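Report on the structure given below.
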Amino acid sequence: MAKSGEGWLDETRSAYLYRVMAEVERGSPRSSLFVELAREAEGQAAIWAKSAGLASVPAFVPDLRTRIVAGLLRHFGRARCAGFLSR
């Protein structure tokens with residue numbers, strides 16, 4: 001995958017996880033922050049997709065690691081997962 005394709009994947013993965021964090025933080029002021037971060041990441045992903053020359057943006061399917069992180073977030077919450085989220 002070209003660098004711009006990797007950028008698309010990284011930003012799309014981030015948007016997905018930000019949306020999971022918004023779901024986990026529902027009802028708190030942080031929820032809207034994570035929704036906004038997801039939107040920004042999606043905007044960046046669109047820029048990367050255009051840079052990669054993708055005629056159409058492929059559907060995002062989270063890889064195993066991303067699904068595990070999302071599951072841990074849902075189970076333990078964002079605060080308890082902060083250590084590995086920053087890596």
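Just remember, in the structure tokens the first chain shown is A, the second B, etc., residues are 1-based per chain, and ligands are 1-based in the order shown.
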Task: Neighbour list for segment 71-73 of chain A as a ChimeraX atom specification, cut-off 9 Å, only C-alpha atoms, skip fewer than 6 positions in-chain - done: /A:17,20-21,24,79-81
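Every protein or nucleic acid residue with an atom no more than 12 Å from Ala22 of chain A, counting only C-alpha atoms and leaving out same-chain residues fewer than 4 positions away, appears here: Ala15, Tyr16, Leu17, Tyr18, Arg26, Gly27, Ser28, Pro29, Arg30, Ser31, Ser32, Leu33, Phe34, Val35, Glu36, Leu37, Ala38, Arg39, Ala70, Leu73, Arg74, Gly77 and Arg78 of chain A.
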Task: Long-range neighbours of Phe60 of chain A as a PyMOL selection string, 10 Å cut-off, only C-alpha atoms, 2 positions minimum in chain - done: chain A and resi 8-9+12-13+16+57-58+62-63
Kindly export the residues of the current selection with all heavy atoms, as an mmCIF file, in the first residue's frame.
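As a result, selection_31.cif now contains:
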```cif
data_model
loop_
_atom_site.group_PDB
_atom_site.id
_atom_site.type_symbol
_atom_site.label_atom_id
_atom_site.label_comp_id
_atom_site.auth_asym_id
_atom_site.auth_seq_id
_atom_site.Cartn_x
_atom_site.Cartn_y
_atom_site.Cartn_z
ATOM 1 N N TRP A 8 -4.612 7.038 4.633
ATOM 2 C CA TRP A 8 -6.060 6.855 4.628
ATOM 3 C C TRP A 8 -6.461 5.841 5.687
ATOM 4 O O TRP A 8 -7.390 6.069 6.471
ATOM 5 C CB TRP A 8 -6.540 6.392 3.247
ATOM 6 C CG TRP A 8 -7.990 6.021 3.253
ATOM 7 C CD1 TRP A 8 -9.044 6.872 3.124
ATOM 8 C CD2 TRP A 8 -8.547 4.724 3.466
ATOM 9 N NE1 TRP A 8 -10.231 6.184 3.233
ATOM 10 C CE2 TRP A 8 -9.950 4.859 3.448
ATOM 11 C CE3 TRP A 8 -8.006 3.461 3.680
ATOM 12 C CZ2 TRP A 8 -10.807 3.780 3.627
ATOM 13 C CZ3 TRP A 8 -8.863 2.381 3.856
ATOM 14 C CH2 TRP A 8 -10.248 2.546 3.823
ATOM 15 N N LEU A 9 -5.756 4.718 5.724
ATOM 16 C CA LEU A 9 -6.085 3.668 6.680
ATOM 17 C C LEU A 9 -5.908 4.147 8.115
ATOM 18 O O LEU A 9 -6.767 3.916 8.961
ATOM 19 C CB LEU A 9 -5.229 2.420 6.416
ATOM 20 C CG LEU A 9 -5.503 1.214 7.301
ATOM 21 C CD1 LEU A 9 -6.952 0.766 7.166
ATOM 22 C CD2 LEU A 9 -4.554 0.090 6.953
ATOM 23 N N THR A 12 -8.724 6.595 8.974
ATOM 24 C CA THR A 12 -10.010 5.908 9.053
ATOM 25 C C THR A 12 -10.092 5.073 10.324
ATOM 26 O O THR A 12 -11.128 5.040 10.993
ATOM 27 C CB THR A 12 -10.224 5.034 7.797
ATOM 28 O OG1 THR A 12 -10.063 5.856 6.645
ATOM 29 C CG2 THR A 12 -11.596 4.420 7.776
ATOM 30 N N ARG A 13 -8.996 4.432 10.668
ATOM 31 C CA ARG A 13 -8.933 3.663 11.911
ATOM 32 C C ARG A 13 -9.138 4.595 13.111
ATOM 33 O O ARG A 13 -9.877 4.281 14.042
ATOM 34 C CB ARG A 13 -7.584 2.947 12.017
ATOM 35 C CG ARG A 13 -7.450 2.061 13.232
ATOM 36 C CD ARG A 13 -6.071 1.421 13.308
ATOM 37 N NE ARG A 13 -5.779 0.610 12.147
ATOM 38 C CZ ARG A 13 -4.725 0.781 11.354
ATOM 39 N NH1 ARG A 13 -3.847 1.734 11.589
ATOM 40 N NH2 ARG A 13 -4.525 -0.015 10.323
ATOM 41 N N TYR A 16 -12.772 5.610 13.445
ATOM 42 C CA TYR A 16 -13.553 4.499 13.990
ATOM 43 C C TYR A 16 -13.407 4.446 15.515
ATOM 44 O O TYR A 16 -14.395 4.355 16.250
ATOM 45 C CB TYR A 16 -13.085 3.187 13.344
ATOM 46 C CG TYR A 16 -13.721 1.952 13.921
ATOM 47 C CD1 TYR A 16 -14.977 1.533 13.492
ATOM 48 C CD2 TYR A 16 -13.067 1.191 14.882
ATOM 49 C CE1 TYR A 16 -15.558 0.394 14.015
ATOM 50 C CE2 TYR A 16 -13.643 0.050 15.410
ATOM 51 C CZ TYR A 16 -14.890 -0.344 14.976
ATOM 52 O OH TYR A 16 -15.469 -1.471 15.500
ATOM 53 N N VAL A 57 -13.557 5.439 -2.400
ATOM 54 C CA VAL A 57 -12.978 5.097 -1.109
ATOM 55 C C VAL A 57 -13.512 3.730 -0.688
ATOM 56 O O VAL A 57 -14.724 3.523 -0.653
ATOM 57 C CB VAL A 57 -13.325 6.167 -0.054
ATOM 58 C CG1 VAL A 57 -12.756 5.805 1.296
ATOM 59 C CG2 VAL A 57 -12.819 7.528 -0.502
ATOM 60 N N PRO A 58 -12.621 2.809 -0.400
ATOM 61 C CA PRO A 58 -13.086 1.482 0.006
ATOM 62 C C PRO A 58 -13.789 1.530 1.361
ATOM 63 O O PRO A 58 -13.529 2.431 2.167
ATOM 64 C CB PRO A 58 -11.791 0.661 0.091
ATOM 65 C CG PRO A 58 -10.689 1.652 0.194
ATOM 66 C CD PRO A 58 -11.172 2.920 -0.412
ATOM 67 N N PRO A 62 -12.485 -2.814 10.163
ATOM 68 C CA PRO A 62 -11.445 -2.789 11.187
ATOM 69 C C PRO A 62 -10.679 -4.107 11.238
ATOM 70 O O PRO A 62 -11.273 -5.185 11.162
ATOM 71 C CB PRO A 62 -12.198 -2.542 12.486
ATOM 72 C CG PRO A 62 -13.635 -2.455 12.155
ATOM 73 C CD PRO A 62 -13.815 -2.663 10.699
ATOM 74 N N ASP A 63 -9.369 -3.981 11.375
ATOM 75 C CA ASP A 63 -8.538 -5.171 11.509
ATOM 76 C C ASP A 63 -8.677 -5.735 12.924
ATOM 77 O O ASP A 63 -9.360 -5.163 13.775
ATOM 78 C CB ASP A 63 -7.075 -4.853 11.177
ATOM 79 C CG ASP A 63 -6.485 -3.785 12.081
ATOM 80 O OD1 ASP A 63 -7.184 -3.265 12.974
ATOM 81 O OD2 ASP A 63 -5.299 -3.468 11.896
#
```
Open item on the list: Residues within 12 Å of Lys50 of chain A, please, as a ChimeraX atom specification. Count only C-alpha atoms; anything in the same chain fewer than 5 positions from it doesn't count.
Closed with: /A:4-5,7-8,43-45,55-57
Can those selected residues be exported to a file as a short mmCIF file (atom, residue, chain, number, x, y, z; two decimals), in the first residue's frame so that it contains N, CA, C and O atoms?
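As a result, out28.cif now contains:
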```
data_model
loop_
_atom_site.label_atom_id
_atom_site.label_comp_id
_atom_site.auth_asym_id
_atom_site.auth_seq_id
_atom_site.Cartn_x
_atom_site.Cartn_y
_atom_site.Cartn_z
N SER A 4 0.25 7.21 0.92
CA SER A 4 -1.03 7.91 1.03
C SER A 4 -2.15 6.93 1.36
O SER A 4 -3.09 7.26 2.08
N GLY A 5 -2.05 5.70 0.88
CA GLY A 5 -3.02 4.67 1.24
C GLY A 5 -2.92 4.30 2.71
O GLY A 5 -3.92 4.07 3.38
N GLY A 7 -1.90 6.40 4.98
CA GLY A 7 -2.47 7.55 5.67
C GLY A 7 -3.98 7.46 5.75
O GLY A 7 -4.59 7.75 6.78
N TRP A 8 -4.61 7.04 4.63
CA TRP A 8 -6.06 6.86 4.63
C TRP A 8 -6.46 5.84 5.69
O TRP A 8 -7.39 6.07 6.47
N GLY A 43 -12.21 13.65 7.56
CA GLY A 43 -11.80 14.66 6.58
C GLY A 43 -10.37 14.45 6.12
O GLY A 43 -10.05 14.55 4.93
N GLN A 44 -9.50 14.14 7.07
CA GLN A 44 -8.10 13.84 6.73
C GLN A 44 -8.00 12.58 5.87
O GLN A 44 -7.20 12.52 4.93
N ALA A 45 -8.83 11.58 6.19
CA ALA A 45 -8.82 10.35 5.40
C ALA A 45 -9.22 10.65 3.95
O ALA A 45 -8.64 10.07 3.02
N ALA A 55 -10.21 6.20 -6.85
CA ALA A 55 -11.42 6.62 -7.55
C ALA A 55 -12.62 6.56 -6.62
O ALA A 55 -13.50 7.42 -6.65
N SER A 56 -12.66 5.55 -5.80
CA SER A 56 -13.70 5.44 -4.78
C SER A 56 -13.04 4.97 -3.49
O SER A 56 -12.07 4.22 -3.52
N VAL A 57 -13.56 5.44 -2.40
CA VAL A 57 -12.98 5.10 -1.11
C VAL A 57 -13.51 3.73 -0.69
O VAL A 57 -14.72 3.52 -0.65
#
```
Task: Atom-to-atom span, atom CA of Phe76 of chain A and atom CA of Leu64 of chain A, Å - done: 18.0 Å
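Across the model, the gap from atom CA of Ala46 of chain A to atom CA of Ser86 of chain A is 23.3 Å.
The gap separating atom CA of Ala41 of chain A from atom CA of Ser14 of chain A is 6.5 Å, in Å to one decimal.
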- [ ] May I have all residues of chain A that DSSP, computed from the backbone, assigns to alpha helix (DSSP H), given as a PyMOL selection string?
- [x] chain A and resi 3-24+29-52+64-76+78-85
Please produce a file of the residues just selected, as a PDB file, in the first residue's frame, where the atoms kept are C-alpha atoms.
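Writing the result to part_8.pdb gives the following:
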```
ATOM      1  CA  LYS A   3       2.118   5.951   1.837  1.00  0.00           C
ATOM      2  CA  SER A   4      -1.027   7.907   1.032  1.00  0.00           C
ATOM      3  CA  GLY A   5      -3.018   4.667   1.238  1.00  0.00           C
ATOM      4  CA  GLU A   6      -1.505   4.028   4.654  1.00  0.00           C
ATOM      5  CA  GLY A   7      -2.471   7.551   5.669  1.00  0.00           C
ATOM      6  CA  TRP A   8      -6.060   6.855   4.628  1.00  0.00           C
ATOM      7  CA  LEU A   9      -6.085   3.668   6.680  1.00  0.00           C
ATOM      8  CA  ASP A  10      -4.565   5.340   9.761  1.00  0.00           C
ATOM      9  CA  GLU A  11      -7.054   8.215   9.680  1.00  0.00           C
ATOM     10  CA  THR A  12     -10.010   5.908   9.053  1.00  0.00           C
ATOM     11  CA  ARG A  13      -8.933   3.663  11.911  1.00  0.00           C
ATOM     12  CA  SER A  14      -8.650   6.725  14.164  1.00  0.00           C
ATOM     13  CA  ALA A  15     -12.119   7.916  13.176  1.00  0.00           C
ATOM     14  CA  TYR A  16     -13.553   4.499  13.990  1.00  0.00           C
ATOM     15  CA  LEU A  17     -11.942   4.448  17.432  1.00  0.00           C
ATOM     16  CA  TYR A  18     -12.969   8.046  18.152  1.00  0.00           C
ATOM     17  CA  ARG A  19     -16.560   7.026  17.441  1.00  0.00           C
ATOM     18  CA  VAL A  20     -16.220   4.099  19.838  1.00  0.00           C
ATOM     19  CA  MET A  21     -14.868   6.494  22.476  1.00  0.00           C
ATOM     20  CA  ALA A  22     -17.819   8.837  21.852  1.00  0.00           C
ATOM     21  CA  GLU A  23     -20.138   5.872  22.372  1.00  0.00           C
ATOM     22  CA  VAL A  24     -18.349   4.924  25.617  1.00  0.00           C
ATOM     23  CA  PRO A  29     -18.981  16.486  27.557  1.00  0.00           C
ATOM     24  CA  ARG A  30     -16.206  14.328  26.063  1.00  0.00           C
ATOM     25  CA  SER A  31     -18.637  12.515  23.787  1.00  0.00           C
ATOM     26  CA  SER A  32     -19.111  15.504  21.496  1.00  0.00           C
ATOM     27  CA  LEU A  33     -15.348  16.087  21.490  1.00  0.00           C
ATOM     28  CA  PHE A  34     -14.743  12.540  20.249  1.00  0.00           C
ATOM     29  CA  VAL A  35     -17.466  12.901  17.590  1.00  0.00           C
ATOM     30  CA  GLU A  36     -15.725  16.055  16.343  1.00  0.00           C
ATOM     31  CA  LEU A  37     -12.334  14.307  16.351  1.00  0.00           C
ATOM     32  CA  ALA A  38     -13.876  11.471  14.313  1.00  0.00           C
ATOM     33  CA  ARG A  39     -15.207  13.977  11.766  1.00  0.00           C
ATOM     34  CA  GLU A  40     -11.796  15.632  11.494  1.00  0.00           C
ATOM     35  CA  ALA A  41     -10.097  12.246  11.033  1.00  0.00           C
ATOM     36  CA  GLU A  42     -12.606  11.373   8.304  1.00  0.00           C
ATOM     37  CA  GLY A  43     -11.801  14.662   6.581  1.00  0.00           C
ATOM     38  CA  GLN A  44      -8.104  13.843   6.727  1.00  0.00           C
ATOM     39  CA  ALA A  45      -8.824  10.352   5.396  1.00  0.00           C
ATOM     40  CA  ALA A  46     -10.593  11.917   2.408  1.00  0.00           C
ATOM     41  CA  ILE A  47      -7.511  14.038   1.711  1.00  0.00           C
ATOM     42  CA  TRP A  48      -5.294  10.936   1.890  1.00  0.00           C
ATOM     43  CA  ALA A  49      -7.661   9.017  -0.414  1.00  0.00           C
ATOM     44  CA  LYS A  50      -7.548  11.818  -2.964  1.00  0.00           C
ATOM     45  CA  SER A  51      -3.744  11.929  -2.685  1.00  0.00           C
ATOM     46  CA  ALA A  52      -3.626   8.170  -3.294  1.00  0.00           C
ATOM     47  CA  LEU A  64      -8.162  -7.540  14.462  1.00  0.00           C
ATOM     48  CA  ARG A  65      -6.103  -5.122  16.546  1.00  0.00           C
ATOM     49  CA  THR A  66      -8.634  -2.316  16.046  1.00  0.00           C
ATOM     50  CA  ARG A  67     -11.531  -4.619  16.964  1.00  0.00           C
ATOM     51  CA  ILE A  68      -9.686  -5.701  20.120  1.00  0.00           C
ATOM     52  CA  VAL A  69      -8.996  -2.088  21.114  1.00  0.00           C
ATOM     53  CA  ALA A  70     -12.666  -1.191  20.494  1.00  0.00           C
ATOM     54  CA  GLY A  71     -13.780  -4.136  22.624  1.00  0.00           C
ATOM     55  CA  LEU A  72     -11.443  -3.154  25.446  1.00  0.00           C
ATOM     56  CA  LEU A  73     -12.713   0.433  25.282  1.00  0.00           C
ATOM     57  CA  ARG A  74     -16.303  -0.743  25.499  1.00  0.00           C
ATOM     58  CA  HIS A  75     -15.551  -3.091  28.373  1.00  0.00           C
ATOM     59  CA  PHE A  76     -13.121  -1.063  30.504  1.00  0.00           C
ATOM     60  CA  ARG A  78     -11.529   5.144  27.891  1.00  0.00           C
ATOM     61  CA  ALA A  79      -9.731   6.199  31.084  1.00  0.00           C
ATOM     62  CA  ARG A  80      -8.574   2.680  31.934  1.00  0.00           C
ATOM     63  CA  CYS A  81      -7.351   2.141  28.356  1.00  0.00           C
ATOM     64  CA  ALA A  82      -5.456   5.433  28.046  1.00  0.00           C
ATOM     65  CA  GLY A  83      -2.061   3.746  28.431  1.00  0.00           C
ATOM     66  CA  PHE A  84      -2.258   1.713  25.251  1.00  0.00           C
ATOM     67  CA  LEU A  85      -4.345   4.229  23.293  1.00  0.00           C
TER      68      LEU A  85
END
```
